[in-house]
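K.L.:
Sharing a structure, written as structure tokens. Questions coming.
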Amino acid sequence: MTSKSMRSFAGGLIVAASLCGAVYFFGPAEATVTSEQPSDDEMKESLTSKGYVIHSEKEWEDQIAEAQSVKEQMDAARETEKEPTEKIVYRTVLTVSKGSTSIDVGKNLQKAKVIKNANAFSDEVEKKGKANGLRPGTYEVDSEMTTEKIISIIFK
């Protein structure tokens with residue numbers, strides 16, 4: 001940029017700023033300032049006519065308290081609906097074939113919802129030292145049985 005173009009740019013800025021200042025100070029004032037403020041009732045009427053809902057602070061707090069109590073009642077109703085009235089017992093007929101492992105048995109029992117975790121079942125079998133004692137056959141087990149009971153039925 002040359003010095004001549006720099007001077008032209010600066011001159012343009014000065015002219016633009018002067019013009020904006022003149023319009024600001026000497027131009028017509030569109031906004032009129034009044035010293036009177038509308039009363040509370042006039043403001044409420046004006047806002048209500050435009051579709052707004054006006055509440056005092058006490059009315060607002062009362063509505064919030066009422067909404068919270070309704071929410072608590074609904075939550076309590078949902079809680080009672082979620083509680084099962086009777087325990088569900090899952091039963092299955094498990095067929096253990098030759099070559100099956102304790103992990104396979106655990107996975108099948110977990111699929112049948114008799115146990116919660118196949119890996120924990122397999123670990124329990126390993127702890128008891130009965131991993132090699134798996135007996136092929138058909139067994140009936142249910143979810144009310146303890147892990148020890150299931151192990152004693154299926155393993156030697």
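By order in the structure tokens, chains are A, B, ...; within a chain, residues start at 1; ligands start at 1, following the order shown.
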Excluding Phe155 of chain A and any residue of its chain fewer than 3 positions from it, enumerate the residues within 7 Å of it, using only C-alpha atoms, and give them as a ChimeraX atom specification.
P.N.:
/A:130,133-135,151-152
K.L.:
Skip Asp142 of chain A itself and residues of its chain fewer than 3 positions away, then list as a VMD selection string all residues within 10 Å of it, counting only C-alpha atoms.
P.N.:
chain A and resid 89 to 93 109 112 to 115 145 to 146 150
K.L.:
Quick one: pull the distance between atom CA of Val141 of chain A and atom CA of Asn119 of chain A, Å, one decimal.
P.N.:
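Separation of atom CA of Val141 of chain A and atom CA of Asn119 of chain A: 18.0 Å.
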K.L.:
Neighbours of Thr138 of chain A within 10 Å (only C-alpha atoms; same-chain residues fewer than 6 positions away dropped), as a list of chain:residue names?
P.N.:
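Surrounding residues, per the criterion: A:Val93, A:Leu94, A:Thr95, A:Val96, A:Ser97, A:Ile154.
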K.L.:
Could you save those same residues with N, CA and C atoms as a tab-separated table (two decimals), in the first residue's frame?
P.N.:
chain	number	residue	atom	x	y	z
A	93	VAL	N	-34.69	-77.02	30.87
A	93	VAL	CA	-34.15	-78.37	30.75
A	93	VAL	C	-32.84	-78.21	30.00
A	94	LEU	N	-31.76	-78.55	30.68
A	94	LEU	CA	-30.42	-78.35	30.13
A	94	LEU	C	-29.86	-79.68	29.67
A	95	THR	N	-29.45	-79.73	28.41
A	95	THR	CA	-28.83	-80.94	27.87
A	95	THR	C	-27.35	-80.69	27.74
A	96	VAL	N	-26.57	-81.49	28.45
A	96	VAL	CA	-25.12	-81.37	28.42
A	96	VAL	C	-24.60	-82.51	27.55
A	97	SER	N	-23.90	-82.17	26.48
A	97	SER	CA	-23.36	-83.19	25.58
A	97	SER	C	-21.89	-83.43	25.91
A	154	ILE	N	-25.20	-80.97	38.13
A	154	ILE	CA	-24.61	-81.17	36.80
A	154	ILE	C	-23.20	-81.76	36.86
